[in-house]
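Undergrad: My file is data.pdb. It has PDB, C-alpha atoms, pLDDT in the B column:
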```
ATOM      1  CA  MET A   1      84.184  94.115  89.679  1.00 62.00           C
ATOM      2  CA  LYS A   2      83.261  96.683  92.306  1.00 70.00           C
ATOM      3  CA  LYS A   3      79.958  96.134  94.044  1.00 76.00           C
ATOM      4  CA  LYS A   4      77.635  99.118  94.126  1.00 82.00           C
ATOM      5  CA  LEU A   5      76.162 100.140  97.429  1.00 83.00           C
ATOM      6  CA  ILE A   6      72.387  99.916  97.328  1.00 87.00           C
ATOM      7  CA  LYS A   7      70.870 102.331  99.812  1.00 90.00           C
ATOM      8  CA  PRO A   8      67.460 101.481 101.233  1.00 91.00           C
ATOM      9  CA  SER A   9      64.556 103.808 100.572  1.00 93.00           C
ATOM     10  CA  ALA A  10      63.177 105.862 103.464  1.00 94.00           C
ATOM     11  CA  LYS A  11      60.333 103.366 103.899  1.00 95.00           C
ATOM     12  CA  GLU A  12      62.725 100.389 103.888  1.00 94.00           C
ATOM     13  CA  ASP A  13      65.004 102.169 106.364  1.00 93.00           C
ATOM     14  CA  ILE A  14      62.093 102.669 108.764  1.00 92.00           C
ATOM     15  CA  LEU A  15      61.212  98.952 108.537  1.00 93.00           C
ATOM     16  CA  ILE A  16      64.847  97.916 109.087  1.00 89.00           C
ATOM     17  CA  THR A  17      65.165 100.224 112.097  1.00 84.00           C
ATOM     18  CA  LYS A  18      61.875  98.943 113.524  1.00 88.00           C
ATOM     19  CA  ALA A  19      63.041  95.325 113.149  1.00 86.00           C
ATOM     20  CA  ALA A  20      66.414  96.151 114.732  1.00 81.00           C
ATOM     21  CA  ARG A  21      64.765  97.877 117.689  1.00 81.00           C
ATOM     22  CA  SER A  22      62.543  94.860 118.323  1.00 86.00           C
ATOM     23  CA  ASP A  23      65.634  92.640 118.673  1.00 86.00           C
ATOM     24  CA  PRO A  24      66.982  93.013 122.236  1.00 83.00           C
ATOM     25  CA  ASP A  25      70.455  91.865 121.143  1.00 85.00           C
ATOM     26  CA  SER A  26      70.732  94.359 118.279  1.00 78.00           C
ATOM     27  CA  ARG A  27      69.749  97.788 119.533  1.00 72.00           C
ATOM     28  CA  PRO A  28      70.487 100.708 117.139  1.00 71.00           C
ATOM     29  CA  LEU A  29      72.575 103.553 118.516  1.00 79.00           C
ATOM     30  CA  THR A  30      70.915 106.829 119.406  1.00 84.00           C
ATOM     31  CA  GLU A  31      72.048 110.092 117.769  1.00 87.00           C
ATOM     32  CA  LYS A  32      73.813 111.037 121.014  1.00 90.00           C
ATOM     33  CA  GLU A  33      75.724 107.732 121.006  1.00 87.00           C
ATOM     34  CA  TRP A  34      76.682 108.166 117.315  1.00 83.00           C
ATOM     35  CA  LYS A  35      78.050 111.664 117.985  1.00 85.00           C
ATOM     36  CA  ARG A  36      80.252 110.242 120.712  1.00 86.00           C
ATOM     37  CA  ILE A  37      81.449 107.229 118.638  1.00 84.00           C
ATOM     38  CA  LYS A  38      81.878 108.700 115.114  1.00 80.00           C
ATOM     39  CA  PRO A  39      85.147 110.597 115.791  1.00 78.00           C
ATOM     40  CA  ASN A  40      86.725 107.338 117.017  1.00 77.00           C
ATOM     41  CA  ILE A  41      85.762 105.155 114.054  1.00 76.00           C
ATOM     42  CA  VAL A  42      88.849 104.002 112.193  1.00 75.00           C
ATOM     43  CA  ARG A  43      88.512 103.437 108.472  1.00 71.00           C
ATOM     44  CA  GLY A  44      89.632 100.031 107.218  1.00 71.00           C
ATOM     45  CA  ARG A  45      92.263  99.256 104.630  1.00 72.00           C
ATOM     46  CA  GLY A  46      92.165 100.653 101.118  1.00 70.00           C
ATOM     47  CA  ARG A  47      92.441 103.999  99.453  1.00 68.00           C
ATOM     48  CA  PRO A  48      91.901 107.050 101.617  1.00 69.00           C
ATOM     49  CA  VAL A  49      88.691 108.945 101.107  1.00 70.00           C
ATOM     50  CA  GLY A  50      89.185 111.549  98.395  1.00 69.00           C
ATOM     51  CA  SER A  51      88.697 115.255  98.821  1.00 70.00           C
ATOM     52  CA  GLY A  52      86.115 115.376  96.058  1.00 75.00           C
ATOM     53  CA  SER A  53      87.984 118.230  94.395  1.00 81.00           C
ATOM     54  CA  LYS A  54      90.365 116.095  92.340  1.00 82.00           C
ATOM     55  CA  GLU A  55      89.796 114.272  89.089  1.00 85.00           C
ATOM     56  CA  GLN A  56      91.542 111.086  88.036  1.00 84.00           C
ATOM     57  CA  ILE A  57      93.255 111.351  84.649  1.00 88.00           C
ATOM     58  CA  THR A  58      95.831 109.507  82.573  1.00 91.00           C
ATOM     59  CA  LEU A  59      98.978 111.500  81.916  1.00 90.00           C
ATOM     60  CA  ARG A  60     102.040 110.389  79.968  1.00 94.00           C
ATOM     61  CA  ILE A  61     105.272 111.614  81.565  1.00 92.00           C
ATOM     62  CA  ASP A  62     108.891 110.983  80.534  1.00 93.00           C
ATOM     63  CA  LYS A  63     110.466 108.146  82.538  1.00 95.00           C
ATOM     64  CA  ASP A  64     113.235 110.325  83.977  1.00 94.00           C
ATOM     65  CA  THR A  65     110.740 112.994  85.057  1.00 92.00           C
ATOM     66  CA  LEU A  66     108.531 110.377  86.709  1.00 94.00           C
ATOM     67  CA  LYS A  67     111.563 108.815  88.422  1.00 95.00           C
ATOM     68  CA  PHE A  68     112.478 112.242  89.832  1.00 93.00           C
ATOM     69  CA  TYR A  69     109.027 112.797  91.368  1.00 92.00           C
ATOM     70  CA  LYS A  70     108.770 109.207  92.673  1.00 93.00           C
ATOM     71  CA  SER A  71     112.160 109.684  94.349  1.00 93.00           C
ATOM     72  CA  LYS A  72     110.459 112.236  96.615  1.00 88.00           C
ATOM     73  CA  GLY A  73     108.835 109.269  98.363  1.00 89.00           C
ATOM     74  CA  GLN A  74     105.302 108.739  99.566  1.00 89.00           C
ATOM     75  CA  GLY A  75     102.971 111.491  98.382  1.00 87.00           C
ATOM     76  CA  TRP A  76     104.789 112.080  95.091  1.00 90.00           C
ATOM     77  CA  GLN A  77     101.498 112.501  93.198  1.00 90.00           C
ATOM     78  CA  THR A  78     100.365 115.119  95.693  1.00 86.00           C
ATOM     79  CA  PHE A  79     103.747 116.808  95.222  1.00 88.00           C
ATOM     80  CA  ILE A  80     103.203 116.966  91.435  1.00 89.00           C
ATOM     81  CA  ASN A  81      99.748 118.439  92.083  1.00 87.00           C
ATOM     82  CA  LEU A  82     101.280 121.084  94.384  1.00 86.00           C
ATOM     83  CA  VAL A  83     103.938 121.994  91.791  1.00 85.00           C
ATOM     84  CA  LEU A  84     101.342 122.315  89.013  1.00 85.00           C
ATOM     85  CA  GLY A  85      99.068 124.317  91.315  1.00 83.00           C
ATOM     86  CA  GLU A  86     101.904 126.718  92.105  1.00 80.00           C
ATOM     87  CA  ILE A  87     102.615 127.183  88.390  1.00 79.00           C
ATOM     88  CA  LYS A  88      98.911 127.893  87.875  1.00 79.00           C
ATOM     89  CA  ARG A  89      98.992 130.539  90.600  1.00 77.00           C
ATOM     90  CA  GLU A  90     102.120 132.035  89.059  1.00 75.00           C
ATOM     91  CA  SER A  91     100.430 132.450  85.677  1.00 73.00           C
ATOM     92  CA  LYS A  92     103.137 134.896  84.675  1.00 67.00           C
ATOM     93  CA  SER A  93     105.781 132.161  84.773  1.00 70.00           C
ATOM     94  CA  ILE A  94     103.720 129.723  82.704  1.00 73.00           C
ATOM     95  CA  SER A  95     103.124 132.349  80.027  1.00 76.00           C
ATOM     96  CA  THR A  96     106.909 132.873  79.932  1.00 75.00           C
ATOM     97  CA  ILE A  97     107.402 129.140  79.374  1.00 74.00           C
ATOM     98  CA  GLU A  98     104.672 129.086  76.683  1.00 77.00           C
ATOM     99  CA  LYS A  99     106.393 131.953  74.872  1.00 78.00           C
ATOM    100  CA  LYS A 100     109.701 130.090  74.927  1.00 74.00           C
ATOM    101  CA  ILE A 101     108.027 126.965  73.510  1.00 74.00           C
ATOM    102  CA  ASN A 102     106.299 128.978  70.767  1.00 77.00           C
ATOM    103  CA  LYS A 103     109.578 130.677  69.794  1.00 78.00           C
ATOM    104  CA  GLY A 104     111.441 127.355  69.815  1.00 72.00           C
ATOM    105  CA  ASN A 105     113.751 128.539  72.606  1.00 66.00           C
ATOM    106  CA  LEU A 106     112.844 125.719  75.006  1.00 59.00           C
ATOM    107  CA  MET A 107     114.426 122.357  74.321  1.00 56.00           C
ATOM    108  CA  LEU A 108     111.817 119.608  74.254  1.00 53.00           C
ATOM    109  CA  ALA A 109     112.852 116.013  74.907  1.00 49.00           C
ATOM    110  CA  LYS A 110     112.697 113.722  71.890  1.00 49.00           C
ATOM    111  CA  CYS A 111     110.578 110.626  72.436  1.00 41.00           C
TER
END
```
Render the structure in this file as structure tokens.

TA:
Amino acid sequence: MKKKLIKPSAKEDILITKAARSDPDSRPLTEKEWKRIKPNIVRGRGRPVGSGSKEQITLRIDKDTLKFYKSKGQGWQTFINLVLGEIKRESKSISTIEKKINKGNLMLAKC
């Protein structure tokens, strides 16, 4: 189970900072020091931080189609997102495909 981060209240934060400043071996960094250090902080292992503009979903895809995209190597999910985004931008082409499906002119794979 994932642990939730519990952020201290403003009052608690002030007390924590005050206690840290009173300890000579544990001095908090100043804003100037943080500005200098922050660009050099390396994130640990795990998933990269998301962009905040994507949503996780479950999508069922034919095995051969999935194999094709996975064969593109690392970043295959991003590649699928780029392809779908391009189709969205080319709304004319997707309406052409929808028309073919509605008329029965596009062969759909049998499951």

Undergrad: Rounded to one decimal, what separation in Å do you get between CA of Leu29 (chain A) and CA of Ile6 (chain A)?

TA: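 About the pair CA of Leu29 (chain A) and CA of Ile6 (chain A): they are 21.5 Å apart.
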
Undergrad: Would you work out the distance separating CA of Asn81 (chain A) from CA of Lys100 (chain A), expressed in Å to one decimal?

TA: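 The value is 23.0 Å.
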
Undergrad: Let me know the centre plus edge lengths, in Å and rounded to one decimal, of a box with edges along x, y and z that contains all listed atoms of region 52-67 of chain A and is padded by 3 Å on every side, as lines of an AutoDock Vina configuration file.

TA:
```
center_x = 99.7
center_y = 113.2
center_z = 88.0
size_x = 33.1
size_y = 16.1
size_z = 22.1
```

Undergrad: At what distance in Å, to one decimal, does CA of Lys32 (chain A) lie from CA of Ala20 (chain A)?

TA: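 Straight-line distance from CA of Ala20 (chain A) to CA of Lys32 (chain A) works out to 17.8 Å.
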
Undergrad: Could you name the residues that touch Thr30 (chain A) at 12 Å or less, counting all atoms listed in the file, but leaving out those on the same chain fewer than 5 positions away, as a list in words?

TA: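 Residues meeting the cut-off are Thr17, Arg21, Lys35, Arg36, Ile37 and Lys38 of chain A.
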
Undergrad: Pick from A:Ile80, A:Val49, A:Val42, A:Ile101: nearest to Ile61 (chain A), with all atoms listed in the file counted?

TA: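 Among the listed residues, the smallest separation from Ile61 (chain A) belongs to A:Ile80.
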
Undergrad: Rebuild region 75-105 of chain A to N, CA and C atoms - output it as a PDB file, in the coordinates of the input, please.

TA:
```pdb
ATOM      1  N   GLY A  75     103.621 110.210  98.631  1.00 87.00           N
ATOM      2  CA  GLY A  75     102.971 111.491  98.382  1.00 87.00           C
ATOM      3  C   GLY A  75     103.502 112.197  97.143  1.00 87.00           C
ATOM      4  N   TRP A  76     104.204 111.450  96.278  1.00 90.00           N
ATOM      5  CA  TRP A  76     104.789 112.080  95.091  1.00 90.00           C
ATOM      6  C   TRP A  76     103.726 112.626  94.145  1.00 90.00           C
ATOM      7  N   GLN A  77     102.565 111.989  94.066  1.00 90.00           N
ATOM      8  CA  GLN A  77     101.498 112.501  93.198  1.00 90.00           C
ATOM      9  C   GLN A  77     100.950 113.808  93.749  1.00 90.00           C
ATOM     10  N   THR A  78     100.805 113.880  95.060  1.00 86.00           N
ATOM     11  CA  THR A  78     100.365 115.119  95.693  1.00 86.00           C
ATOM     12  C   THR A  78     101.392 116.214  95.451  1.00 86.00           C
ATOM     13  N   PHE A  79     102.678 115.844  95.485  1.00 88.00           N
ATOM     14  CA  PHE A  79     103.747 116.808  95.222  1.00 88.00           C
ATOM     15  C   PHE A  79     103.637 117.376  93.808  1.00 88.00           C
ATOM     16  N   ILE A  80     103.390 116.497  92.818  1.00 89.00           N
ATOM     17  CA  ILE A  80     103.203 116.966  91.435  1.00 89.00           C
ATOM     18  C   ILE A  80     102.022 117.925  91.381  1.00 89.00           C
ATOM     19  N   ASN A  81     100.931 117.582  92.064  1.00 87.00           N
ATOM     20  CA  ASN A  81      99.748 118.439  92.083  1.00 87.00           C
ATOM     21  C   ASN A  81     100.081 119.808  92.682  1.00 87.00           C
ATOM     22  N   LEU A  82     100.884 119.819  93.758  1.00 86.00           N
ATOM     23  CA  LEU A  82     101.280 121.084  94.384  1.00 86.00           C
ATOM     24  C   LEU A  82     102.133 121.928  93.434  1.00 86.00           C
ATOM     25  N   VAL A  83     103.077 121.278  92.738  1.00 85.00           N
ATOM     26  CA  VAL A  83     103.938 121.994  91.791  1.00 85.00           C
ATOM     27  C   VAL A  83     103.097 122.603  90.668  1.00 85.00           C
ATOM     28  N   LEU A  84     102.197 121.805  90.098  1.00 85.00           N
ATOM     29  CA  LEU A  84     101.342 122.315  89.013  1.00 85.00           C
ATOM     30  C   LEU A  84     100.414 123.424  89.513  1.00 85.00           C
ATOM     31  N   GLY A  85      99.918 123.277  90.732  1.00 83.00           N
ATOM     32  CA  GLY A  85      99.068 124.317  91.315  1.00 83.00           C
ATOM     33  C   GLY A  85      99.825 125.618  91.509  1.00 83.00           C
ATOM     34  N   GLU A  86     101.084 125.520  91.916  1.00 80.00           N
ATOM     35  CA  GLU A  86     101.904 126.718  92.105  1.00 80.00           C
ATOM     36  C   GLU A  86     102.167 127.405  90.764  1.00 80.00           C
ATOM     37  N   ILE A  87     102.421 126.610  89.731  1.00 79.00           N
ATOM     38  CA  ILE A  87     102.615 127.183  88.390  1.00 79.00           C
ATOM     39  C   ILE A  87     101.343 127.896  87.945  1.00 79.00           C
ATOM     40  N   LYS A  88     100.192 127.278  88.235  1.00 79.00           N
ATOM     41  CA  LYS A  88      98.911 127.893  87.875  1.00 79.00           C
ATOM     42  C   LYS A  88      98.745 129.247  88.570  1.00 79.00           C
ATOM     43  N   ARG A  89      99.101 129.284  89.854  1.00 77.00           N
ATOM     44  CA  ARG A  89      98.992 130.539  90.600  1.00 77.00           C
ATOM     45  C   ARG A  89      99.967 131.583  90.078  1.00 77.00           C
ATOM     46  N   GLU A  90     101.116 131.132  89.626  1.00 75.00           N
ATOM     47  CA  GLU A  90     102.120 132.035  89.059  1.00 75.00           C
ATOM     48  C   GLU A  90     101.928 132.071  87.540  1.00 75.00           C
ATOM     49  N   SER A  91     100.765 132.504  87.105  1.00 73.00           N
ATOM     50  CA  SER A  91     100.430 132.450  85.677  1.00 73.00           C
ATOM     51  C   SER A  91     101.437 133.195  84.816  1.00 73.00           C
ATOM     52  N   LYS A  92     102.120 134.150  85.406  1.00 67.00           N
ATOM     53  CA  LYS A  92     103.137 134.896  84.675  1.00 67.00           C
ATOM     54  C   LYS A  92     104.261 133.960  84.227  1.00 67.00           C
ATOM     55  N   SER A  93     104.683 133.059  85.116  1.00 70.00           N
ATOM     56  CA  SER A  93     105.781 132.161  84.773  1.00 70.00           C
ATOM     57  C   SER A  93     105.371 131.150  83.712  1.00 70.00           C
ATOM     58  N   ILE A  94     104.139 130.690  83.722  1.00 73.00           N
ATOM     59  CA  ILE A  94     103.720 129.723  82.704  1.00 73.00           C
ATOM     60  C   ILE A  94     103.608 130.397  81.340  1.00 73.00           C
ATOM     61  N   SER A  95     103.185 131.653  81.326  1.00 76.00           N
ATOM     62  CA  SER A  95     103.124 132.349  80.027  1.00 76.00           C
ATOM     63  C   SER A  95     104.528 132.566  79.483  1.00 76.00           C
ATOM     64  N   THR A  96     105.514 132.746  80.368  1.00 75.00           N
ATOM     65  CA  THR A  96     106.909 132.873  79.932  1.00 75.00           C
ATOM     66  C   THR A  96     107.369 131.570  79.286  1.00 75.00           C
ATOM     67  N   ILE A  97     107.031 130.447  79.914  1.00 74.00           N
ATOM     68  CA  ILE A  97     107.402 129.140  79.374  1.00 74.00           C
ATOM     69  C   ILE A  97     106.706 128.902  78.037  1.00 74.00           C
ATOM     70  N   GLU A  98     105.414 129.259  77.940  1.00 77.00           N
ATOM     71  CA  GLU A  98     104.672 129.086  76.683  1.00 77.00           C
ATOM     72  C   GLU A  98     105.303 129.902  75.568  1.00 77.00           C
ATOM     73  N   LYS A  99     105.738 131.109  75.880  1.00 78.00           N
ATOM     74  CA  LYS A  99     106.393 131.953  74.872  1.00 78.00           C
ATOM     75  C   LYS A  99     107.681 131.306  74.382  1.00 78.00           C
ATOM     76  N   LYS A 100     108.459 130.754  75.306  1.00 74.00           N
ATOM     77  CA  LYS A 100     109.701 130.090  74.927  1.00 74.00           C
ATOM     78  C   LYS A 100     109.427 128.893  74.015  1.00 74.00           C
ATOM     79  N   ILE A 101     108.388 128.123  74.345  1.00 74.00           N
ATOM     80  CA  ILE A 101     108.027 126.965  73.510  1.00 74.00           C
ATOM     81  C   ILE A 101     107.620 127.431  72.121  1.00 74.00           C
ATOM     82  N   ASN A 102     106.772 128.466  72.056  1.00 77.00           N
ATOM     83  CA  ASN A 102     106.299 128.978  70.767  1.00 77.00           C
ATOM     84  C   ASN A 102     107.425 129.536  69.911  1.00 77.00           C
ATOM     85  N   LYS A 103     108.438 130.115  70.535  1.00 78.00           N
ATOM     86  CA  LYS A 103     109.578 130.677  69.794  1.00 78.00           C
ATOM     87  C   LYS A 103     110.623 129.617  69.469  1.00 78.00           C
ATOM     88  N   GLY A 104     110.459 128.415  70.048  1.00 72.00           N
ATOM     89  CA  GLY A 104     111.441 127.355  69.815  1.00 72.00           C
ATOM     90  C   GLY A 104     112.668 127.496  70.678  1.00 72.00           C
ATOM     91  N   ASN A 105     112.599 128.318  71.734  1.00 66.00           N
ATOM     92  CA  ASN A 105     113.751 128.539  72.606  1.00 66.00           C
ATOM     93  C   ASN A 105     113.837 127.544  73.760  1.00 66.00           C
TER      94      ASN A 105
END
```
